[in-house]
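Text of target29.pdb (PDB, C-alpha atoms) as supplied:
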```
MODEL        1
ATOM      1  CA  MET A   1     -54.155   6.949   0.933
ATOM      2  CA  THR A   2     -57.644   8.141   1.896
ATOM      3  CA  LEU A   3     -60.749   6.740   0.193
ATOM      4  CA  LEU A   4     -59.565   4.863  -2.883
ATOM      5  CA  LEU A   5     -62.977   3.781  -4.136
ATOM      6  CA  ASN A   6     -66.397   5.412  -3.902
ATOM      7  CA  ARG A   7     -68.702   2.556  -4.805
ATOM      8  CA  ILE A   8     -72.427   2.142  -5.396
ATOM      9  CA  ASP A   9     -73.330  -1.482  -4.725
ATOM     10  CA  ASP A  10     -76.765  -2.647  -3.629
ATOM     11  CA  ARG A  11     -75.242  -5.720  -1.998
ATOM     12  CA  LEU A  12     -73.087  -3.409   0.152
ATOM     13  CA  ILE A  13     -70.390  -5.528   1.809
ATOM     14  CA  HIS A  14     -69.827  -8.759  -0.095
ATOM     15  CA  GLY A  15     -67.102 -10.780  -1.754
ATOM     16  CA  GLN A  16     -66.241  -8.368  -4.554
ATOM     17  CA  VAL A  17     -65.821  -5.525  -2.098
ATOM     18  CA  VAL A  18     -63.965  -7.312   0.677
ATOM     19  CA  VAL A  19     -61.804  -9.630  -1.403
ATOM     20  CA  GLY A  20     -61.992  -8.408  -5.005
ATOM     21  CA  TRP A  21     -61.160  -4.778  -4.207
ATOM     22  CA  GLY A  22     -60.120  -5.008  -0.595
ATOM     23  CA  GLN A  23     -57.076  -7.203  -1.043
ATOM     24  CA  PRO A  24     -55.398  -5.566  -4.073
ATOM     25  CA  LEU A  25     -56.015  -2.077  -2.687
ATOM     26  CA  ASP A  26     -54.868  -3.161   0.784
ATOM     27  CA  VAL A  27     -58.054  -1.707   2.241
ATOM     28  CA  HIS A  28     -58.109  -1.274   6.005
ATOM     29  CA  TYR A  29     -61.547   0.201   6.446
ATOM     30  CA  ILE A  30     -64.936   0.538   4.799
ATOM     31  CA  VAL A  31     -67.259   3.500   5.301
ATOM     32  CA  LEU A  32     -70.738   2.092   4.775
ATOM     33  CA  VAL A  33     -73.283   4.877   4.292
ATOM     34  CA  ASP A  34     -76.864   3.729   4.698
ATOM     35  CA  ASP A  35     -79.517   5.130   6.992
ATOM     36  CA  ALA A  36     -81.188   1.778   7.667
ATOM     37  CA  VAL A  37     -77.942  -0.009   8.492
ATOM     38  CA  ALA A  38     -76.700   2.900  10.590
ATOM     39  CA  SER A  39     -79.755   2.557  12.818
ATOM     40  CA  SER A  40     -79.686  -1.236  13.208
ATOM     41  CA  GLU A  41     -77.230  -3.055  15.464
ATOM     42  CA  TRP A  42     -78.275  -6.366  13.923
ATOM     43  CA  GLU A  43     -77.511  -5.186  10.391
ATOM     44  CA  GLN A  44     -74.160  -3.802  11.501
ATOM     45  CA  GLU A  45     -73.209  -7.077  13.136
ATOM     46  CA  LEU A  46     -74.212  -8.906   9.969
ATOM     47  CA  TYR A  47     -71.841  -6.819   7.871
ATOM     48  CA  ARG A  48     -69.045  -6.876  10.432
ATOM     49  CA  MET A  49     -69.040 -10.662  10.280
ATOM     50  CA  GLY A  50     -68.406 -10.405   6.543
ATOM     51  CA  VAL A  51     -65.054  -8.710   6.844
ATOM     52  CA  PRO A  52     -61.739  -9.976   8.191
ATOM     53  CA  PRO A  53     -60.877  -8.894  11.748
ATOM     54  CA  GLU A  54     -58.209  -6.466  10.589
ATOM     55  CA  MET A  55     -60.697  -4.544   8.428
ATOM     56  CA  GLU A  56     -62.697  -1.828  10.187
ATOM     57  CA  VAL A  57     -66.237  -0.924   9.156
ATOM     58  CA  ARG A  58     -67.707   2.471   9.986
ATOM     59  CA  PHE A  59     -71.483   2.741   9.698
ATOM     60  CA  LEU A  60     -72.791   6.222   8.997
ATOM     61  CA  SER A  61     -76.098   7.800   8.148
ATOM     62  CA  VAL A  62     -76.139   9.878   4.981
ATOM     63  CA  ALA A  63     -76.227  13.101   6.966
ATOM     64  CA  ASP A  64     -73.323  12.063   9.189
ATOM     65  CA  ALA A  65     -71.286  10.910   6.209
ATOM     66  CA  ALA A  66     -71.786  14.226   4.438
ATOM     67  CA  ARG A  67     -70.380  15.966   7.509
ATOM     68  CA  GLN A  68     -67.557  13.556   8.289
ATOM     69  CA  LEU A  69     -66.187  12.510   4.925
ATOM     70  CA  ASP A  70     -63.301  14.983   5.070
ATOM     71  CA  GLU A  71     -61.957  13.153   8.120
ATOM     72  CA  PHE A  72     -61.523  10.007   6.059
ATOM     73  CA  ARG A  73     -59.688  11.907   3.334
ATOM     74  CA  THR A  74     -56.831  12.560   5.744
ATOM     75  CA  GLU A  75     -56.806   8.979   7.017
ATOM     76  CA  PRO A  76     -53.389   7.439   6.228
ATOM     77  CA  ARG A  77     -54.845   3.988   5.619
ATOM     78  CA  ALA A  78     -56.677   2.979   2.454
ATOM     79  CA  GLY A  79     -60.454   2.824   2.592
ATOM     80  CA  ILE A  80     -63.597   2.258   0.529
ATOM     81  CA  LEU A  81     -66.732   4.407   0.625
ATOM     82  CA  LEU A  82     -69.809   2.301   0.010
ATOM     83  CA  THR A  83     -73.438   3.203  -0.661
ATOM     84  CA  GLY A  84     -76.331   0.929  -1.568
ATOM     85  CA  ASP A  85     -77.994   3.258  -4.041
ATOM     86  CA  ILE A  86     -77.365   6.112  -6.448
ATOM     87  CA  ALA A  87     -79.317   8.679  -4.458
ATOM     88  CA  THR A  88     -77.066   8.292  -1.433
ATOM     89  CA  MET A  89     -73.918   8.663  -3.510
ATOM     90  CA  SER A  90     -75.464  11.645  -5.250
ATOM     91  CA  ARG A  91     -75.847  13.384  -1.900
ATOM     92  CA  LEU A  92     -72.223  12.693  -1.068
ATOM     93  CA  VAL A  93     -71.158  14.117  -4.416
ATOM     94  CA  THR A  94     -73.182  17.251  -3.776
ATOM     95  CA  GLU A  95     -72.543  17.715  -0.065
ATOM     96  CA  ALA A  96     -69.158  16.076   0.523
ATOM     97  CA  GLY A  97     -67.269  16.588  -2.701
ATOM     98  CA  VAL A  98     -66.945  13.001  -3.928
ATOM     99  CA  ARG A  99     -65.355  13.229  -7.376
ATOM    100  CA  ASP A 100     -65.024   9.642  -8.601
ATOM    101  CA  VAL A 101     -67.964   7.272  -8.545
ATOM    102  CA  ASN A 102     -67.715   3.554  -9.177
ATOM    103  CA  VAL A 103     -70.958   1.829 -10.190
ATOM    104  CA  GLY A 104     -70.153  -1.610  -8.845
ATOM    105  CA  GLY A 105     -73.473  -3.400  -8.639
ATOM    106  CA  ILE A 106     -77.064  -2.348  -9.194
ATOM    107  CA  HIS A 107     -79.017  -5.506  -9.761
ATOM    108  CA  HIS A 108     -82.296  -6.548 -11.309
ATOM    109  CA  ARG A 109     -85.508  -5.071 -10.035
ATOM    110  CA  ALA A 110     -88.869  -4.426 -11.678
ATOM    111  CA  GLY A 111     -88.665  -1.425 -13.991
ATOM    112  CA  ARG A 112     -84.921  -1.590 -14.455
ATOM    113  CA  VAL A 113     -83.229  -2.219 -17.798
ATOM    114  CA  GLN A 114     -80.047  -4.278 -17.980
ATOM    115  CA  HIS A 115     -77.049  -2.283 -19.185
ATOM    116  CA  LEU A 116     -74.232  -4.543 -18.048
ATOM    117  CA  ARG A 117     -74.156  -7.943 -16.375
ATOM    118  CA  TYR A 118     -74.112  -6.196 -13.020
ATOM    119  CA  VAL A 119     -75.888  -2.907 -13.763
ATOM    120  CA  PHE A 120     -79.647  -2.534 -14.169
ATOM    121  CA  LEU A 121     -81.169   0.969 -14.166
ATOM    122  CA  THR A 122     -84.537   2.660 -14.310
ATOM    123  CA  PRO A 123     -84.801   5.774 -16.491
ATOM    124  CA  ALA A 124     -84.831   7.847 -13.296
ATOM    125  CA  GLU A 125     -81.621   6.195 -12.113
ATOM    126  CA  GLU A 126     -80.005   6.908 -15.471
ATOM    127  CA  GLN A 127     -80.847  10.556 -14.925
ATOM    128  CA  GLU A 128     -79.436  10.448 -11.409
ATOM    129  CA  LEU A 129     -76.118   9.180 -12.760
ATOM    130  CA  ARG A 130     -76.081  11.890 -15.428
ATOM    131  CA  ALA A 131     -76.765  14.486 -12.745
ATOM    132  CA  ILE A 132     -73.794  13.207 -10.739
ATOM    133  CA  ALA A 133     -71.565  13.537 -13.810
ATOM    134  CA  GLU A 134     -72.874  17.040 -14.479
ATOM    135  CA  GLN A 135     -71.540  18.028 -11.067
ATOM    136  CA  GLY A 136     -68.054  17.154 -12.252
ATOM    137  CA  ALA A 137     -67.727  13.647 -10.861
ATOM    138  CA  VAL A 138     -66.258  10.937 -13.059
ATOM    139  CA  VAL A 139     -68.721   8.048 -13.186
ATOM    140  CA  THR A 140     -67.618   4.628 -14.388
ATOM    141  CA  ALA A 141     -68.944   1.096 -14.038
ATOM    142  CA  GLN A 142     -66.534  -1.611 -12.920
ATOM    143  CA  ASP A 143     -67.403  -4.622 -10.801
ATOM    144  CA  VAL A 144     -63.882  -5.879 -10.065
ATOM    145  CA  PRO A 145     -60.390  -4.378 -10.461
ATOM    146  CA  ALA A 146     -59.474  -6.716 -13.317
ATOM    147  CA  ALA A 147     -62.417  -5.506 -15.400
ATOM    148  CA  ARG A 148     -62.378  -2.439 -17.637
ATOM    149  CA  ALA A 149     -63.867   0.736 -16.212
ATOM    150  CA  VAL A 150     -66.837   1.511 -18.457
ATOM    151  CA  PRO A 151     -67.438   5.259 -18.954
ATOM    152  CA  LEU A 152     -70.899   6.577 -18.090
ATOM    153  CA  GLU A 153     -72.076   7.264 -21.614
ATOM    154  CA  GLU A 154     -70.997   3.811 -22.745
ATOM    155  CA  LEU A 155     -72.748   2.317 -19.714
ATOM    156  CA  LEU A 156     -75.996   4.113 -20.467
ATOM    157  CA  ALA A 157     -75.856   3.168 -24.150
ATOM    158  CA  ALA A 158     -75.134  -0.495 -23.429
ATOM    159  CA  ARG A 159     -77.924  -3.081 -23.435
ATOM    160  CA  GLU A 160     -77.488  -6.662 -22.325
ATOM    161  CA  GLY A 161     -79.940  -9.483 -21.923
ATOM    162  CA  ALA A 162     -82.303  -7.998 -24.507
TER     163      ALA A 162
ATOM    164  CA  MET B  10     -87.199 -48.052   8.173
ATOM    165  CA  SER B  11     -86.629 -45.136   5.857
ATOM    166  CA  SER B  12     -86.763 -41.398   6.146
ATOM    167  CA  ALA B  13     -86.792 -38.539   3.681
ATOM    168  CA  PRO B  14     -83.283 -37.710   2.508
ATOM    169  CA  ARG B  15     -81.635 -34.708   4.061
ATOM    170  CA  LEU B  16     -81.555 -31.790   1.653
ATOM    171  CA  ALA B  17     -79.433 -28.685   1.661
ATOM    172  CA  ILE B  18     -79.344 -25.528  -0.427
ATOM    173  CA  VAL B  19     -75.957 -24.618  -1.927
ATOM    174  CA  ALA B  20     -75.380 -21.001  -2.941
ATOM    175  CA  GLY B  21     -72.399 -18.939  -3.971
ATOM    176  CA  HIS B  22     -70.638 -16.875  -6.567
ATOM    177  CA  ALA B  23     -70.826 -17.604 -10.297
ATOM    178  CA  ASP B  24     -71.027 -21.403 -10.907
ATOM    179  CA  PHE B  25     -69.822 -22.358  -7.438
ATOM    180  CA  ALA B  26     -73.011 -24.191  -6.478
ATOM    181  CA  ASP B  27     -73.472 -26.037  -9.767
ATOM    182  CA  GLY B  28     -69.815 -27.028  -9.805
ATOM    183  CA  LEU B  29     -69.796 -28.432  -6.293
ATOM    184  CA  VAL B  30     -73.090 -30.243  -6.730
ATOM    185  CA  SER B  31     -71.935 -31.811  -9.994
ATOM    186  CA  ALA B  32     -68.769 -32.973  -8.230
ATOM    187  CA  VAL B  33     -70.808 -34.478  -5.405
ATOM    188  CA  GLU B  34     -72.969 -36.253  -7.971
ATOM    189  CA  ALA B  35     -69.909 -37.587  -9.808
ATOM    190  CA  ILE B  36     -68.354 -38.939  -6.623
ATOM    191  CA  THR B  37     -71.367 -40.237  -4.724
ATOM    192  CA  GLY B  38     -74.407 -40.256  -6.994
ATOM    193  CA  HIS B  39     -76.184 -38.198  -4.330
ATOM    194  CA  GLY B  40     -76.065 -34.790  -5.976
ATOM    195  CA  ASP B  41     -79.847 -34.766  -5.747
ATOM    196  CA  ARG B  42     -79.513 -34.200  -2.001
ATOM    197  CA  LEU B  43     -78.196 -30.727  -2.736
ATOM    198  CA  VAL B  44     -80.112 -27.892  -4.366
ATOM    199  CA  PRO B  45     -77.824 -25.427  -6.160
ATOM    200  CA  ILE B  46     -78.986 -21.885  -6.750
ATOM    201  CA  GLN B  47     -77.557 -19.212  -9.024
ATOM    202  CA  VAL B  48     -77.723 -15.559  -8.054
ATOM    203  CA  ARG B  49     -76.168 -13.735 -10.988
ATOM    204  CA  GLY B  50     -77.787 -10.355 -11.535
ATOM    205  CA  LEU B  51     -79.899 -10.571  -8.380
ATOM    206  CA  CYS B  52     -79.982  -7.887  -5.726
ATOM    207  CA  GLY B  53     -79.806  -8.895  -2.071
ATOM    208  CA  GLU B  54     -83.576  -8.858  -1.646
ATOM    209  CA  ASP B  55     -84.042 -11.163  -4.622
ATOM    210  CA  ILE B  56     -81.419 -13.547  -3.280
ATOM    211  CA  GLN B  57     -83.327 -13.646  -0.010
ATOM    212  CA  ALA B  58     -86.571 -14.331  -1.860
ATOM    213  CA  LEU B  59     -84.967 -17.138  -3.843
ATOM    214  CA  LEU B  60     -83.512 -18.765  -0.727
ATOM    215  CA  ARG B  61     -86.830 -18.437   1.062
ATOM    216  CA  GLN B  62     -88.622 -20.095  -1.838
ATOM    217  CA  ARG B  63     -86.147 -22.983  -2.107
ATOM    218  CA  LEU B  64     -86.313 -23.637   1.630
ATOM    219  CA  ARG B  65     -90.080 -23.680   1.441
ATOM    220  CA  ASP B  66     -90.209 -25.865  -1.680
ATOM    221  CA  THR B  67     -87.702 -28.445  -0.473
ATOM    222  CA  GLY B  68     -88.173 -28.433   3.274
ATOM    223  CA  ALA B  69     -84.403 -28.075   3.640
ATOM    224  CA  LEU B  70     -83.068 -26.732   6.917
ATOM    225  CA  VAL B  71     -79.456 -26.327   5.809
ATOM    226  CA  ILE B  72     -77.792 -23.731   3.585
ATOM    227  CA  PHE B  73     -74.172 -24.012   2.466
ATOM    228  CA  THR B  74     -72.526 -20.867   1.059
ATOM    229  CA  ASP B  75     -69.085 -20.129  -0.300
ATOM    230  CA  LEU B  76     -67.775 -16.999   1.366
ATOM    231  CA  GLN B  77     -68.323 -15.446   4.758
ATOM    232  CA  ALA B  78     -68.529 -12.006   3.152
ATOM    233  CA  GLY B  79     -70.602 -13.163   0.191
ATOM    234  CA  SER B  80     -74.006 -11.793  -0.655
ATOM    235  CA  CYS B  81     -75.483 -15.304  -0.442
ATOM    236  CA  THR B  82     -74.233 -15.582   3.118
ATOM    237  CA  MET B  83     -75.659 -12.184   3.996
ATOM    238  CA  ALA B  84     -79.000 -13.089   2.445
ATOM    239  CA  ALA B  85     -79.049 -16.489   4.127
ATOM    240  CA  ARG B  86     -78.424 -14.974   7.547
ATOM    241  CA  ARG B  87     -81.428 -12.718   7.056
ATOM    242  CA  VAL B  88     -83.645 -15.570   5.881
ATOM    243  CA  LEU B  89     -82.602 -17.818   8.740
ATOM    244  CA  ARG B  90     -84.073 -15.374  11.211
ATOM    245  CA  GLU B  91     -87.462 -16.513   9.863
ATOM    246  CA  VAL B  92     -86.729 -20.256   9.937
ATOM    247  CA  PRO B  93     -86.342 -21.632  13.450
ATOM    248  CA  GLY B  94     -83.871 -24.475  13.667
ATOM    249  CA  ALA B  95     -82.267 -23.904  10.293
ATOM    250  CA  VAL B  96     -78.506 -23.611   9.955
ATOM    251  CA  LEU B  97     -76.105 -21.791   7.639
ATOM    252  CA  VAL B  98     -72.587 -23.048   6.959
ATOM    253  CA  ALA B  99     -70.367 -20.480   5.241
ATOM    254  CA  GLY B 100     -67.087 -21.477   3.629
ATOM    255  CA  ALA B 101     -68.349 -24.715   2.079
ATOM    256  CA  ASN B 102     -65.997 -27.015   0.195
ATOM    257  CA  LEU B 103     -66.271 -30.367  -1.542
ATOM    258  CA  PRO B 104     -65.204 -32.566   1.400
ATOM    259  CA  MET B 105     -67.839 -30.829   3.505
ATOM    260  CA  LEU B 106     -70.657 -31.506   1.065
ATOM    261  CA  LEU B 107     -69.545 -35.101   0.541
ATOM    262  CA  ASP B 108     -69.698 -35.646   4.280
ATOM    263  CA  PHE B 109     -73.154 -34.107   4.431
ATOM    264  CA  VAL B 110     -74.734 -36.223   1.696
ATOM    265  CA  LEU B 111     -73.126 -39.422   2.982
ATOM    266  CA  SER B 112     -73.850 -38.831   6.652
ATOM    267  CA  ALA B 113     -75.903 -41.451   8.474
ATOM    268  CA  GLU B 114     -77.070 -38.774  10.861
ATOM    269  CA  ALA B 115     -80.835 -38.274  10.557
ATOM    270  CA  ASP B 116     -80.945 -34.745  11.859
ATOM    271  CA  PRO B 117     -79.900 -32.357   9.058
ATOM    272  CA  VAL B 118     -78.557 -29.697  11.380
ATOM    273  CA  THR B 119     -76.397 -32.196  13.234
ATOM    274  CA  ALA B 120     -75.218 -33.590   9.898
ATOM    275  CA  ALA B 121     -74.352 -30.104   8.661
ATOM    276  CA  THR B 122     -72.448 -29.284  11.822
ATOM    277  CA  ALA B 123     -70.396 -32.459  11.540
ATOM    278  CA  ALA B 124     -69.832 -31.819   7.823
ATOM    279  CA  ALA B 125     -68.529 -28.350   8.596
ATOM    280  CA  GLU B 126     -65.890 -29.846  10.878
ATOM    281  CA  ARG B 127     -64.963 -32.397   8.224
ATOM    282  CA  GLY B 128     -64.615 -29.659   5.623
ATOM    283  CA  ARG B 129     -62.468 -27.553   7.918
ATOM    284  CA  ALA B 130     -60.190 -30.483   8.676
ATOM    285  CA  ALA B 131     -59.861 -31.445   5.012
ATOM    286  CA  VAL B 132     -57.692 -28.462   4.090
ATOM    287  CA  SER B 133     -54.004 -29.334   3.856
ATOM    288  CA  VAL B 134     -50.853 -27.895   2.345
ATOM    289  CA  HIS B 135     -48.173 -30.063   0.740
ATOM    290  CA  GLY B 136     -44.679 -29.243  -0.425
ATOM    291  CA  GLY B 137     -43.333 -25.704  -0.572
ATOM    292  CA  SER B 138     -40.045 -26.444   1.174
ATOM    293  CA  ALA B 139     -36.812 -25.493  -0.588
TER     294      ALA B 139
ENDMDL
END
```

Let me see whether you can do it: turn the structure in this file into structure tokens.
Amino acid sequence: MTLLLNRIDDRLIHGQVVVGWGQPLDVHYIVLVDDAVASSEWEQELYRMGVPPEMEVRFLSVADAARQLDEFRTEPRAGILLTGDIATMSRLVTEAGVRDVNVGGIHHRAGRVQHLRYVFLTPAEEQELRAIAEQGAVVTAQDVPAARAVPLEELLAAREGA
Amino acid sequence: MSSAPRLAIVAGHADFADGLVSAVEAITGHGDRLVPIQVRGLCGEDIQALLRQRLRDTGALVIFTDLQAGSCTMAARRVLREVPGAVLVAGANLPMLLDFVLSAEADPVTAATAAAERGRAAVSVHGGSA
């Protein structure tokens, strides 16, 4: 089963992840990779309270995740890998061999341009996504399972809210 | 004797807040005691900023959200660390909000706590037997 979804989502654990993806994929654990969360008990407790009791959450720093990701690939249960930004996922693509990247939610912030309802990117972030694809990873945008997976080039060409 | 009406922020996915507040208004005429917010397209930090602003603008001490795992709930829990005495109720439903706006209880936190129990008790299942 291993990691069924490698998701970039700046809201980290929230309804779309836990319910929207978690239930249909029968997810038993989430690997949340974020240096700030990995070093804060309060943040970890906050996210643990957002998941049902039967769902495990592992909190890892980026460096630890890069070292330990292979362990999750042999895990018999289904899991989700979650990062809050593109740069973190980029490191996991480079250092831990992630080959499918789901852009699930990158929301409005100053300097970002809206591409989809749930994806806003700066020019630098667009380049980061291209760099991930150039390493051989398949990058698509898809907020929920029922939605269509939007290929990277279509994502970057799309403009909404203009 | 009169006092300022209790106010609460309502936040959730998509049109959850607007829908519930419009239903409360239709049933009681007291939809103005609830302040719905929409968070489409907002990152977690912006949701926090919006909640912070609405709490400040309205003086509300209560936030109702839809889902325990939702980003509004996460944001509200962070904001509440800065607001002593405020309360968050996750898992809001219509019976809960009706109870809140109609409560005679003056203290908003006490009213929200009682409303949460009413909302929990209002869930029932009918039929289903062969």

Result set of the PyMOL selection byres ((chain A) within 10 of (chain B)) on the coordinates above, as a PyMOL selection string: chain A and resi 9-19+42-43+46-52+105-109+114+116-120

Name the residues that the PyMOL selection byres ((chain B and resi 28) around 12) picks from the file above, as a ChimeraX atom specification, using the file's chain letters and numbers. /B:19-27,29-35,40,43-47,75,102-103,106

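The space between atom CA of Leu152 of chain A and atom CA of Asn6 of chain A spans 14.9 Å.
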
From A:Pro151, A:Pro123, A:Gly136, A:Gly161, residue lying nearest Val103 of chain A [all atoms listed in the file]: A:Pro151

Computed interatomic separation between atom CA of Ala38 of chain A and atom CA of Ala137 of chain A (Å):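 The value is 25.6 Å.
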
Smallest atom-to-atom distance to Phe73 of chain B: which of B:Pro117, B:Val88, B:Val48, B:Val98, using only C-alpha atoms?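 For Phe73 of chain B, the nearest of the candidates is B:Val98.
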
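Closest approach to Glu45 of chain A from the set A:Thr94, A:Gln127, A:Val57, A:Glu154 is made by A:Val57, with distances taken over all atoms listed in the file.
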
Interatomic distance, atom CA of Ser90 of chain A to atom CA of Ile30 of chain A (Å, one decimal):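 Spanning atom CA of Ser90 of chain A to atom CA of Ile30 of chain A is a straight-line distance of 18.3 Å.
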
Contacts of segment 68-72 of chain A at 8 Å (all atoms listed in the file; same-chain gap of 3+ positions) as a ChimeraX atom specification: /A:2-3,64-65,75,96

Reconstruct segment 65-73 of chain A at the level of all heavy atoms, and format the result as a PDB file, in the frame of the given file.
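Output file selection_24.pdb follows:
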```pdb
ATOM      1  N   ALA A  65     -72.363  11.105   7.193  1.00  0.00           N
ATOM      2  CA  ALA A  65     -71.286  10.910   6.209  1.00  0.00           C
ATOM      3  C   ALA A  65     -70.975  12.215   5.488  1.00  0.00           C
ATOM      4  O   ALA A  65     -69.802  12.538   5.252  1.00  0.00           O
ATOM      5  CB  ALA A  65     -71.690   9.832   5.215  1.00  0.00           C
ATOM      6  N   ALA A  66     -72.011  12.956   5.137  1.00  0.00           N
ATOM      7  CA  ALA A  66     -71.786  14.226   4.438  1.00  0.00           C
ATOM      8  C   ALA A  66     -70.950  15.174   5.289  1.00  0.00           C
ATOM      9  O   ALA A  66     -70.122  15.927   4.773  1.00  0.00           O
ATOM     10  CB  ALA A  66     -73.131  14.860   4.090  1.00  0.00           C
ATOM     11  N   ARG A  67     -71.145  15.093   6.612  1.00  0.00           N
ATOM     12  CA  ARG A  67     -70.380  15.966   7.509  1.00  0.00           C
ATOM     13  C   ARG A  67     -68.959  15.448   7.762  1.00  0.00           C
ATOM     14  O   ARG A  67     -68.035  16.230   7.936  1.00  0.00           O
ATOM     15  CB  ARG A  67     -71.105  16.090   8.856  1.00  0.00           C
ATOM     16  CG  ARG A  67     -72.286  17.049   8.843  1.00  0.00           C
ATOM     17  CD  ARG A  67     -72.743  17.343  10.264  1.00  0.00           C
ATOM     18  NE  ARG A  67     -73.203  16.140  10.946  1.00  0.00           N
ATOM     19  CZ  ARG A  67     -74.470  15.719  10.932  1.00  0.00           C
ATOM     20  NH1 ARG A  67     -75.378  16.413  10.285  1.00  0.00           N
ATOM     21  NH2 ARG A  67     -74.808  14.619  11.571  1.00  0.00           N
ATOM     22  N   GLN A  68     -68.818  14.130   7.788  1.00  0.00           N
ATOM     23  CA  GLN A  68     -67.557  13.556   8.289  1.00  0.00           C
ATOM     24  C   GLN A  68     -66.600  13.060   7.205  1.00  0.00           C
ATOM     25  O   GLN A  68     -65.510  12.608   7.523  1.00  0.00           O
ATOM     26  CB  GLN A  68     -67.867  12.379   9.228  1.00  0.00           C
ATOM     27  CG  GLN A  68     -68.633  12.789  10.471  1.00  0.00           C
ATOM     28  CD  GLN A  68     -68.990  11.576  11.324  1.00  0.00           C
ATOM     29  OE1 GLN A  68     -68.338  10.550  11.273  1.00  0.00           O
ATOM     30  NE2 GLN A  68     -70.035  11.713  12.109  1.00  0.00           N
ATOM     31  N   LEU A  69     -67.003  13.147   5.958  1.00  0.00           N
ATOM     32  CA  LEU A  69     -66.187  12.510   4.925  1.00  0.00           C
ATOM     33  C   LEU A  69     -64.779  13.093   4.827  1.00  0.00           C
ATOM     34  O   LEU A  69     -63.827  12.375   4.512  1.00  0.00           O
ATOM     35  CB  LEU A  69     -66.898  12.598   3.567  1.00  0.00           C
ATOM     36  CG  LEU A  69     -66.766  11.356   2.682  1.00  0.00           C
ATOM     37  CD1 LEU A  69     -67.152  10.089   3.409  1.00  0.00           C
ATOM     38  CD2 LEU A  69     -67.583  11.521   1.421  1.00  0.00           C
ATOM     39  N   ASP A  70     -64.636  14.378   5.122  1.00  0.00           N
ATOM     40  CA  ASP A  70     -63.301  14.983   5.070  1.00  0.00           C
ATOM     41  C   ASP A  70     -62.324  14.300   6.023  1.00  0.00           C
ATOM     42  O   ASP A  70     -61.127  14.227   5.736  1.00  0.00           O
ATOM     43  CB  ASP A  70     -63.383  16.482   5.398  1.00  0.00           C
ATOM     44  CG  ASP A  70     -63.615  17.304   4.136  1.00  0.00           C
ATOM     45  OD1 ASP A  70     -63.383  16.760   3.036  1.00  0.00           O
ATOM     46  OD2 ASP A  70     -64.035  18.468   4.266  1.00  0.00           O
ATOM     47  N   GLU A  71     -62.839  13.827   7.161  1.00  0.00           N
ATOM     48  CA  GLU A  71     -61.957  13.153   8.120  1.00  0.00           C
ATOM     49  C   GLU A  71     -61.311  11.927   7.499  1.00  0.00           C
ATOM     50  O   GLU A  71     -60.140  11.629   7.764  1.00  0.00           O
ATOM     51  CB  GLU A  71     -62.749  12.735   9.365  1.00  0.00           C
ATOM     52  CG  GLU A  71     -63.339  13.894  10.148  1.00  0.00           C
ATOM     53  CD  GLU A  71     -64.249  13.414  11.262  1.00  0.00           C
ATOM     54  OE1 GLU A  71     -64.129  12.233  11.669  1.00  0.00           O
ATOM     55  OE2 GLU A  71     -65.086  14.215  11.712  1.00  0.00           O
ATOM     56  N   PHE A  72     -62.072  11.222   6.669  1.00  0.00           N
ATOM     57  CA  PHE A  72     -61.523  10.007   6.059  1.00  0.00           C
ATOM     58  C   PHE A  72     -60.514  10.344   4.956  1.00  0.00           C
ATOM     59  O   PHE A  72     -59.671   9.532   4.618  1.00  0.00           O
ATOM     60  CB  PHE A  72     -62.658   9.139   5.508  1.00  0.00           C
ATOM     61  CG  PHE A  72     -63.554   8.616   6.586  1.00  0.00           C
ATOM     62  CD1 PHE A  72     -64.813   9.151   6.777  1.00  0.00           C
ATOM     63  CD2 PHE A  72     -63.122   7.596   7.422  1.00  0.00           C
ATOM     64  CE1 PHE A  72     -65.633   8.677   7.784  1.00  0.00           C
ATOM     65  CE2 PHE A  72     -63.938   7.120   8.433  1.00  0.00           C
ATOM     66  CZ  PHE A  72     -65.199   7.663   8.614  1.00  0.00           C
ATOM     67  N   ARG A  73     -60.617  11.526   4.401  1.00  0.00           N
ATOM     68  CA  ARG A  73     -59.688  11.907   3.334  1.00  0.00           C
ATOM     69  C   ARG A  73     -58.281  12.144   3.869  1.00  0.00           C
ATOM     70  O   ARG A  73     -57.324  12.148   3.106  1.00  0.00           O
ATOM     71  CB  ARG A  73     -60.206  13.153   2.611  1.00  0.00           C
ATOM     72  CG  ARG A  73     -61.512  12.900   1.881  1.00  0.00           C
ATOM     73  CD  ARG A  73     -61.814  14.014   0.888  1.00  0.00           C
ATOM     74  NE  ARG A  73     -62.979  13.672   0.070  1.00  0.00           N
ATOM     75  CZ  ARG A  73     -64.195  14.173   0.254  1.00  0.00           C
ATOM     76  NH1 ARG A  73     -64.418  15.042   1.212  1.00  0.00           N
ATOM     77  NH2 ARG A  73     -65.192  13.806  -0.515  1.00  0.00           N
TER      78      ARG A  73
END
```
